[in-house]
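Source file: data_18.tsv; contents: TSV, C-alpha atoms.
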```tsv
chain	number	residue	atom	x	y	z
A	1	LEU	CA	0.00	0.00	0.00
A	2	LYS	CA	2.84	2.37	0.80
A	3	GLN	CA	4.36	1.77	-2.63
A	4	ILE	CA	1.02	2.47	-4.36
A	5	VAL	CA	0.55	5.73	-2.40
A	6	ASN	CA	4.09	6.85	-3.32
A	7	ILE	CA	3.52	6.12	-7.03
A	8	LEU	CA	0.15	7.87	-6.91
A	9	PHE	CA	1.63	10.95	-5.23
A	10	HIS	CA	4.53	11.12	-7.71
A	11	ASP	CA	2.32	10.70	-10.81
A	12	LEU	CA	-0.27	13.23	-9.71
A	13	GLN	CA	2.38	15.78	-8.82
A	14	ASN	CA	4.24	15.42	-12.12
A	15	LYS	CA	1.62	14.36	-14.67
A	16	GLY	CA	-1.71	15.19	-13.06
A	17	GLU	CA	-2.88	11.61	-13.56
A	18	SER	CA	-1.98	8.08	-12.59
A	19	LYS	CA	-2.78	4.52	-13.65
A	20	ILE	CA	-1.48	1.77	-11.38
A	21	PRO	CA	-2.06	-1.91	-12.25
A	22	ILE	CA	-2.94	-3.92	-9.13
A	23	ASN	CA	-3.49	-7.33	-10.74
A	24	ASP	CA	-4.75	-8.79	-14.01
A	25	ALA	CA	-8.30	-7.60	-13.33
A	26	ASN	CA	-7.90	-4.37	-11.36
A	27	SER	CA	-6.19	-1.00	-11.76
A	28	ILE	CA	-6.29	2.33	-9.95
A	29	CYS	CA	-7.00	5.24	-12.32
A	30	VAL	CA	-6.89	8.79	-10.98
A	31	LYS	CA	-6.83	12.13	-12.83
A	32	LEU	CA	-6.81	15.70	-11.52
A	33	PHE	CA	-9.11	18.23	-13.19
A	34	PRO	CA	-8.83	21.99	-12.72
A	35	LYS	CA	-11.63	23.57	-10.74
A	36	VAL	CA	-13.78	25.56	-13.12
A	37	ASP	CA	-14.49	29.05	-11.84
A	38	ILE	CA	-16.63	31.05	-14.26
A	39	SER	CA	-18.23	34.07	-12.69
A	40	ARG	CA	-20.41	34.68	-15.76
A	41	GLU	CA	-23.98	33.63	-15.10
A	42	ILE	CA	-25.62	31.28	-17.61
A	43	HIS	CA	-29.18	32.40	-18.38
A	44	PRO	CA	-31.96	29.97	-19.35
A	45	HIS	CA	-32.82	31.99	-22.49
A	46	GLU	CA	-29.26	31.99	-23.91
A	47	VAL	CA	-28.20	29.69	-26.74
A	48	PRO	CA	-24.92	27.71	-26.61
A	49	LEU	CA	-23.19	27.47	-30.00
A	50	MET	CA	-20.47	24.88	-30.65
A	51	ILE	CA	-17.15	26.18	-31.95
A	52	LYS	CA	-15.58	22.71	-31.74
A	53	ASP	CA	-17.08	19.44	-32.98
A	54	LEU	CA	-17.84	17.94	-29.57
A	55	LYS	CA	-19.83	15.04	-31.02
A	56	ALA	CA	-16.71	13.91	-32.92
A	57	ILE	CA	-14.36	14.04	-29.93
A	58	MET	CA	-16.78	12.83	-27.23
A	59	LYS	CA	-15.74	9.48	-25.71
A	60	PRO	CA	-17.73	6.83	-23.79
A	61	ASP	CA	-15.81	7.58	-20.57
A	62	TRP	CA	-16.93	11.24	-20.50
A	63	ASP	CA	-19.22	12.43	-17.72
A	64	ILE	CA	-22.69	10.88	-18.20
A	65	THR	CA	-24.52	14.19	-17.73
A	66	MET	CA	-22.26	15.86	-20.30
A	67	GLN	CA	-23.01	13.05	-22.76
A	68	GLN	CA	-26.74	13.66	-22.26
A	69	VAL	CA	-26.45	17.42	-22.82
A	70	ILE	CA	-24.05	17.69	-25.80
A	71	PRO	CA	-26.34	16.11	-28.46
A	72	PHE	CA	-28.86	18.91	-27.86
A	73	ILE	CA	-26.38	21.77	-28.30
A	74	ASP	CA	-27.27	22.74	-31.86
A	75	GLY	CA	-26.98	26.54	-31.86
A	76	VAL	CA	-30.78	26.80	-31.97
A	77	MET	CA	-32.16	25.61	-28.61
A	78	HIS	CA	-31.78	27.80	-25.54
A	79	VAL	CA	-30.48	26.43	-22.23
A	80	LYS	CA	-33.91	25.84	-20.71
A	81	ARG	CA	-35.10	23.92	-23.78
A	82	ILE	CA	-31.91	21.81	-23.73
A	83	ALA	CA	-32.66	20.89	-20.11
A	84	GLU	CA	-36.21	19.89	-21.04
A	85	ARG	CA	-35.20	17.86	-24.11
A	86	SER	CA	-32.25	16.11	-22.45
A	87	GLY	CA	-34.11	15.33	-19.23
A	88	VAL	CA	-31.32	16.94	-17.21
A	89	ASP	CA	-31.89	19.38	-14.35
A	90	LEU	CA	-31.48	23.00	-15.47
A	91	GLU	CA	-28.73	23.75	-12.94
A	92	LEU	CA	-26.74	20.71	-14.10
A	93	VAL	CA	-27.07	21.83	-17.71
A	94	LYS	CA	-25.73	25.26	-16.73
A	95	TYR	CA	-22.81	23.58	-14.95
A	96	CYS	CA	-21.98	21.50	-18.05
A	97	ILE	CA	-22.12	24.61	-20.23
A	98	LYS	CA	-19.76	26.44	-17.89
A	99	HIS	CA	-17.23	23.63	-18.32
A	100	LEU	CA	-17.58	23.78	-22.11
A	101	ILE	CA	-17.08	27.55	-22.06
A	102	TYR	CA	-13.99	27.13	-19.87
A	103	TYR	CA	-12.44	24.74	-22.41
A	104	ASP	CA	-13.38	27.09	-25.28
A	105	CYS	CA	-15.75	24.57	-26.87
A	106	ILE	CA	-18.85	26.78	-27.07
A	107	LYS	CA	-19.89	30.42	-27.16
A	108	MET	CA	-23.12	31.83	-25.80
A	109	ILE	CA	-25.33	33.81	-28.17
A	110	ASP	CA	-28.88	35.18	-28.17
A	111	LEU	CA	-31.90	33.28	-29.39
A	112	PHE	CA	-32.22	33.92	-33.14
A	113	GLN	CA	-35.48	35.60	-34.12
A	114	TYR	CA	-36.40	37.74	-37.11
A	115	SER	CA	-37.84	40.36	-34.76
A	116	ASN	CA	-34.37	40.92	-33.24
A	117	VAL	CA	-32.44	44.13	-33.87
A	118	TYR	CA	-28.69	43.94	-34.54
A	119	MET	CA	-25.94	46.44	-35.29
A	120	SER	CA	-22.23	46.29	-36.07
A	121	ASN	CA	-19.66	47.85	-33.75
A	122	SER	CA	-16.11	49.13	-34.15
A	123	SER	CA	-14.71	45.59	-34.08
A	124	ILE	CA	-15.96	45.10	-37.62
A	125	LYS	CA	-12.73	46.80	-38.75
A	126	LYS	CA	-10.90	43.62	-37.71
A	127	LEU	CA	-13.03	41.57	-40.09
A	128	LEU	CA	-12.04	43.90	-42.91
A	129	THR	CA	-8.31	44.00	-42.14
A	130	ASN	CA	-7.88	40.32	-41.22
A	131	THR	CA	-7.95	38.90	-44.74
A	132	SER	CA	-7.45	35.33	-43.51
A	133	SER	CA	-10.93	35.46	-41.94
A	134	HIS	CA	-12.68	36.45	-45.18
A	135	LEU	CA	-12.87	32.91	-46.54
A	136	ASP	CA	-13.91	31.50	-43.14
A	137	CYS	CA	-16.75	34.00	-43.03
A	138	ILE	CA	-17.99	33.20	-46.53
A	139	ARG	CA	-17.85	29.44	-45.94
A	140	TYR	CA	-19.72	29.71	-42.65
A	141	ILE	CA	-22.59	31.88	-43.84
A	142	THR	CA	-23.18	30.35	-47.31
A	143	LYS	CA	-26.30	28.19	-47.55
A	144	SER	CA	-25.67	24.46	-47.47
A	145	GLY	CA	-25.66	23.06	-51.01
A	146	SER	CA	-25.37	26.46	-52.66
A	147	LYS	CA	-23.15	26.44	-55.76
A	148	GLN	CA	-22.48	30.16	-55.58
A	149	HIS	CA	-20.68	31.97	-52.77
A	150	PRO	CA	-21.28	35.65	-51.99
A	151	SER	CA	-18.33	37.98	-52.39
A	152	PHE	CA	-16.72	39.29	-49.22
A	153	SER	CA	-17.38	42.91	-50.26
A	154	LYS	CA	-21.11	42.13	-50.48
A	155	VAL	CA	-21.08	40.38	-47.08
A	156	PHE	CA	-19.22	43.26	-45.46
A	157	ARG	CA	-21.71	45.80	-46.85
A	158	LEU	CA	-24.58	43.71	-45.47
A	159	TYR	CA	-23.05	43.61	-41.99
A	160	CYS	CA	-22.56	47.38	-42.07
A	161	SER	CA	-26.19	47.86	-43.13
A	162	LEU	CA	-27.54	46.43	-39.86
A	163	GLY	CA	-28.48	49.12	-37.37
A	164	PRO	CA	-30.87	50.45	-34.73
A	165	GLY	CA	-34.55	50.64	-35.60
A	166	ILE	CA	-34.35	47.87	-38.22
A	167	THR	CA	-35.60	44.40	-37.31
A	168	PHE	CA	-33.78	41.53	-38.98
A	169	LYS	CA	-37.02	40.65	-40.78
A	170	LYS	CA	-37.14	44.13	-42.35
A	171	PHE	CA	-33.42	43.87	-43.17
A	172	CYS	CA	-33.99	40.55	-44.99
A	173	MET	CA	-36.90	42.02	-46.97
A	174	ASP	CA	-34.82	45.06	-47.99
A	175	HIS	CA	-31.83	42.92	-49.05
A	176	GLU	CA	-33.62	39.83	-50.36
A	177	ALA	CA	-31.57	39.54	-53.57
A	178	GLU	CA	-28.22	40.03	-51.83
A	179	LEU	CA	-29.07	37.41	-49.17
A	180	GLU	CA	-30.10	34.78	-51.73
A	181	ASN	CA	-27.17	32.42	-51.06
A	182	ILE	CA	-26.67	33.35	-47.40
A	183	ASP	CA	-28.02	31.40	-44.44
A	184	HIS	CA	-29.69	33.99	-42.22
A	185	ARG	CA	-29.00	32.28	-38.88
A	186	SER	CA	-25.34	31.63	-39.75
A	187	PHE	CA	-24.93	35.21	-40.96
A	188	ILE	CA	-25.94	36.53	-37.54
A	189	SER	CA	-24.16	33.81	-35.52
A	190	PHE	CA	-20.82	34.50	-37.20
A	191	GLY	CA	-21.04	38.19	-36.33
A	192	LEU	CA	-22.03	37.55	-32.70
A	193	VAL	CA	-19.37	34.88	-32.06
A	194	ASN	CA	-16.63	37.04	-33.56
A	195	GLY	CA	-17.72	40.11	-31.62
A	196	PHE	CA	-18.44	42.59	-34.43
A	197	LEU	CA	-22.24	42.31	-34.15
A	198	ILE	CA	-24.24	43.16	-31.07
A	199	ARG	CA	-27.91	42.64	-30.30
A	200	LEU	CA	-30.04	45.55	-29.15
A	201	HIS	CA	-32.24	44.04	-26.45
A	202	CYS	CA	-35.82	44.99	-25.71
A	203	TYR	CA	-36.62	45.81	-22.06
A	204	PRO	CA	-40.34	46.08	-21.15
A	205	VAL	CA	-40.93	48.71	-18.45
A	206	LEU	CA	-44.27	48.81	-16.62
A	207	LEU	CA	-46.01	52.16	-17.02
A	208	PRO	CA	-47.09	54.08	-13.88
A	209	GLU	CA	-50.45	52.95	-12.49
A	210	ALA	CA	-50.62	50.15	-15.09
A	211	GLU	CA	-50.19	47.31	-12.62
A	212	ARG	CA	-53.81	47.40	-11.47
A	213	TYR	CA	-55.01	46.79	-15.07
A	214	LEU	CA	-52.60	43.98	-15.96
A	215	ASP	CA	-53.78	40.66	-17.36
A	216	PRO	CA	-54.31	38.15	-14.50
A	217	LEU	CA	-51.60	36.02	-16.12
A	218	PHE	CA	-49.04	38.45	-14.69
A	219	ARG	CA	-49.06	37.83	-10.95
A	220	LYS	CA	-47.61	40.54	-8.70
A	221	ASP	CA	-44.51	38.47	-7.95
A	222	ILE	CA	-43.85	38.14	-11.69
A	223	VAL	CA	-44.47	41.85	-12.29
A	224	ASP	CA	-42.05	42.87	-9.53
A	225	LYS	CA	-39.50	40.37	-10.78
A	226	ILE	CA	-39.42	40.91	-14.55
A	227	LEU	CA	-41.15	44.18	-15.52
A	228	GLU	CA	-38.85	46.62	-13.75
A	229	GLY	CA	-36.76	47.42	-16.84
A	230	LYS	CA	-33.81	45.14	-16.01
A	231	HIS	CA	-34.99	41.99	-17.77
A	232	THR	CA	-35.02	41.47	-21.53
A	233	LEU	CA	-38.04	40.35	-23.50
A	234	ASP	CA	-36.20	37.06	-24.19
A	235	GLU	CA	-35.92	36.40	-20.45
A	236	ILE	CA	-39.60	37.16	-19.91
A	237	CYS	CA	-40.70	34.86	-22.76
A	238	CYS	CA	-38.53	32.07	-21.35
A	239	GLU	CA	-39.87	32.64	-17.83
A	240	LEU	CA	-43.50	32.55	-18.98
A	241	GLU	CA	-42.88	29.85	-21.61
A	242	MET	CA	-44.77	31.89	-24.18
A	243	PRO	CA	-43.91	33.02	-27.74
A	244	LYS	CA	-42.57	36.52	-28.18
A	245	ASP	CA	-45.51	37.81	-30.24
A	246	ARG	CA	-47.98	36.72	-27.56
A	247	VAL	CA	-46.01	38.36	-24.74
A	248	ILE	CA	-45.72	41.62	-26.71
A	249	GLN	CA	-49.46	41.52	-27.37
A	250	LEU	CA	-50.17	41.10	-23.65
A	251	LEU	CA	-47.71	43.78	-22.49
A	252	THR	CA	-48.23	46.50	-25.10
A	253	PRO	CA	-51.15	48.23	-23.29
A	254	TYR	CA	-49.22	48.36	-20.01
A	255	CYS	CA	-45.52	48.68	-20.87
A	256	GLU	CA	-43.03	50.86	-22.65
A	257	PHE	CA	-40.44	48.92	-24.70
A	258	VAL	CA	-36.90	50.28	-24.42
A	259	TYR	CA	-34.12	49.08	-26.75
A	260	LYS	CA	-30.53	49.21	-25.56
```

Represent the structure contained in this file as structure tokens.
Amino acid sequence: LKQIVNILFHDLQNKGESKIPINDANSICVKLFPKVDISREIHPHEVPLMIKDLKAIMKPDWDITMQQVIPFIDGVMHVKRIAERSGVDLELVKYCIKHLIYYDCIKMIDLFQYSNVYMSNSSIKKLLTNTSSHLDCIRYITKSGSKQHPSFSKVFRLYCSLGPGITFKKFCMDHEAELENIDHRSFISFGLVNGFLIRLHCYPVLLPEAERYLDPLFRKDIVDKILEGKHTLDEICCELEMPKDRVIQLLTPYCEFVYK
């Protein structure tokens, strides 16, 4: 036993892992993992997007919970939906996602909707000057199976055309011909992941004296919790488990919608 402890101590100190054969049928396998400390909160309405092919590198000896969660990370479903579809507790899903963020396997983005408002920021200059990223961008955003690829100059003009006051639906209608070979979701995802697109969020704020006239669906505890101007419309929809159009319809008589 003393010899095993000495080998274990030496291996862990030098290699961070140890495998010690005991007999033909038994071995001691130990590995140290760094403690993940991510202060960033994971919100139920956020969408994890893979930047590494986890399904290709996942092995049978990975954590069972992680194996349950990864197949549902598709860049479309938000965290709460992933928990529901995978049958894993929401807090455990958040914990798995924190690990994947720590190892730079995923990025968190907003739920894609045509009613969203996006705009480019100053970081878009990097996309223009970093010529090695031009081809990556075009490959990522081109529709699957499309024989024609958009030119980078066209793509760059489209990114610069996004701005406040224009929903993505209106943008797509105005640039229908230019977006013909471009996948809309990928177009937005590439900009968000690379930091040169930002989303302008909608914050419903309850109007003075409006609480007494609110739909009974909105209990006082919900009103105090989510209609104080600090929670986005995405968060509210996720909390109420209702589509965005329905929530807007219910809130419009009682709230002011602030974009920022």

Task: Proximity to A:His45 - best of A:Ile188, A:Cys255, A:Leu240, A:Leu111, only C-alpha atoms - done: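 Closest to A:His45 of all the choices is A:Leu111.
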
Give me, as a tab-separated table, the closest atom pair and its distance (Å, one decimal) for every residue of stretch 149-231 of chain A within a cut-off of 12 Å of stretch 50-59 of chain A, counting all atoms listed in the file, rows sorted by chain and rising number.
```
residue	atom	partner	partner_atom	distance
A:Ser189	CA	A:Met50	CA	10.8
A:Phe190	CA	A:Ile51	CA	10.5
A:Val193	CA	A:Ile51	CA	9.0
A:Asn194	CA	A:Ile51	CA	11.0
```

TODO: Excluding stretch 166-177 of chain A and residues on its chain fewer than 2 positions from it, collect all residues at most 7 Å away from it, counting only C-alpha atoms, and give them as a ChimeraX atom specification.
DONE: /A:114-117,163-164,179-180

Task: Sel. within 12 Å of pt (-21.1, 45.0, -34.6), counting only C-alpha atoms, output as a ChimeraX atom specification - done: /A:117-127,156,158-164,188-200

Take the residues from that selection and put them in a file with C-alpha atoms, as a PDB file, keeping the file's coordinate frame.
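Saved to selection_9.pdb:
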```pdb
ATOM      1  CA  VAL A 117     -32.440  44.130 -33.870  1.00  0.00           C
ATOM      2  CA  TYR A 118     -28.690  43.940 -34.540  1.00  0.00           C
ATOM      3  CA  MET A 119     -25.940  46.440 -35.290  1.00  0.00           C
ATOM      4  CA  SER A 120     -22.230  46.290 -36.070  1.00  0.00           C
ATOM      5  CA  ASN A 121     -19.660  47.850 -33.750  1.00  0.00           C
ATOM      6  CA  SER A 122     -16.110  49.130 -34.150  1.00  0.00           C
ATOM      7  CA  SER A 123     -14.710  45.590 -34.080  1.00  0.00           C
ATOM      8  CA  ILE A 124     -15.960  45.100 -37.620  1.00  0.00           C
ATOM      9  CA  LYS A 125     -12.730  46.800 -38.750  1.00  0.00           C
ATOM     10  CA  LYS A 126     -10.900  43.620 -37.710  1.00  0.00           C
ATOM     11  CA  LEU A 127     -13.030  41.570 -40.090  1.00  0.00           C
ATOM     12  CA  PHE A 156     -19.220  43.260 -45.460  1.00  0.00           C
ATOM     13  CA  LEU A 158     -24.580  43.710 -45.470  1.00  0.00           C
ATOM     14  CA  TYR A 159     -23.050  43.610 -41.990  1.00  0.00           C
ATOM     15  CA  CYS A 160     -22.560  47.380 -42.070  1.00  0.00           C
ATOM     16  CA  SER A 161     -26.190  47.860 -43.130  1.00  0.00           C
ATOM     17  CA  LEU A 162     -27.540  46.430 -39.860  1.00  0.00           C
ATOM     18  CA  GLY A 163     -28.480  49.120 -37.370  1.00  0.00           C
ATOM     19  CA  PRO A 164     -30.870  50.450 -34.730  1.00  0.00           C
ATOM     20  CA  ILE A 188     -25.940  36.530 -37.540  1.00  0.00           C
ATOM     21  CA  SER A 189     -24.160  33.810 -35.520  1.00  0.00           C
ATOM     22  CA  PHE A 190     -20.820  34.500 -37.200  1.00  0.00           C
ATOM     23  CA  GLY A 191     -21.040  38.190 -36.330  1.00  0.00           C
ATOM     24  CA  LEU A 192     -22.030  37.550 -32.700  1.00  0.00           C
ATOM     25  CA  VAL A 193     -19.370  34.880 -32.060  1.00  0.00           C
ATOM     26  CA  ASN A 194     -16.630  37.040 -33.560  1.00  0.00           C
ATOM     27  CA  GLY A 195     -17.720  40.110 -31.620  1.00  0.00           C
ATOM     28  CA  PHE A 196     -18.440  42.590 -34.430  1.00  0.00           C
ATOM     29  CA  LEU A 197     -22.240  42.310 -34.150  1.00  0.00           C
ATOM     30  CA  ILE A 198     -24.240  43.160 -31.070  1.00  0.00           C
ATOM     31  CA  ARG A 199     -27.910  42.640 -30.300  1.00  0.00           C
ATOM     32  CA  LEU A 200     -30.040  45.550 -29.150  1.00  0.00           C
TER      33      LEU A 200
END
```

TODO: Find, counting all atoms listed in the file, the residue in A:Lys260, A:Arg81, A:Arg40, A:His134 that gets nearest to A:His99.
DONE: A:Arg40

Task: Residue neighbourhood A:Tyr95, 10 Å, only C-alpha atoms, exclusion window fewer than 4 positions, as JSON, numbers by chain - done: {"A": [36, 38, 42, 65, 66, 90, 91, 99, 100, 101]}

Task: Two-atom distance - atom CA of A:Asp183, atom CA of A:Ile141 (Å) - done: 5.5 Å

- [ ] For each of A:Asp74, A:Glu228, A:Cys96, A:Tyr259, take the minimum atom-to-atom distance to A:Gly165, counting only C-alpha atoms, then give the residue where this is smallest.
- [x]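 Between A:Asp74, A:Glu228, A:Cys96, A:Tyr259, the residue approaching A:Gly165 most closely is A:Tyr259.
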
TODO: Name all residues at most 9 Å from stretch 3-13 of chain A (count all atoms listed in the file; drop same-chain ones fewer than 4 positions away) and give them as a list in words.
DONE: Glu17, Ser18, Lys19, Ile20, Ile22, Val30, Lys31 and Leu32 of chain A

Open item on the list: Report, in Å with one decimal, the straight-line distance from atom CA of A:Glu41 to atom CA of A:Lys94.
Closed with: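 Distance reported for this atom pair: 8.7 Å.
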
Task: Answer as a PyMOL selection string, residues within 12 Å of (-22.3, 28.0, -48.5) using only C-alpha atoms - done: chain A and resi 135-151+179-184+186-187

TODO: Measure the distance from atom CA of A:Cys105 to atom CA of A:Pro48 in Å and round it to one decimal.
DONE: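 Separation between atom CA of A:Cys105 and atom CA of A:Pro48: 9.7 Å.
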
Task: A:Tyr203 environment, 7 Å, only C-alpha atoms, sequence neighbours closer than 4 positions dropped, as a list in words - done: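 The residues that qualify are Gly229, Lys230, His231, Thr232, Leu233, Phe257, Val258 and Tyr259 of chain A.
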
Open item on the list: Taking only C-alpha atoms into account, name the residue in A:Tyr103, A:Val247, A:Val69, A:Glu209 that is nearest to A:Gly87.
Closed with: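 Of all the options, A:Val69 lies closest to A:Gly87.
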
Edge lengths and centre, in Å to one decimal, as AutoDock Vina command-line options: that's what I need for the box along x, y and z that holds all listed atoms of stretch 14-30 of chain A plus 8 Å on each side.
```
--center_x -2.0 --center_y 3.3 --center_z -11.9 --size_x 28.5 --size_y 40.2 --size_z 21.5
```

Task: Nearest-residue call for A:Lys98, choices A:Ala210, A:Cys237, A:Val79, A:Ala25, using all atoms listed in the file - done: A:Val79
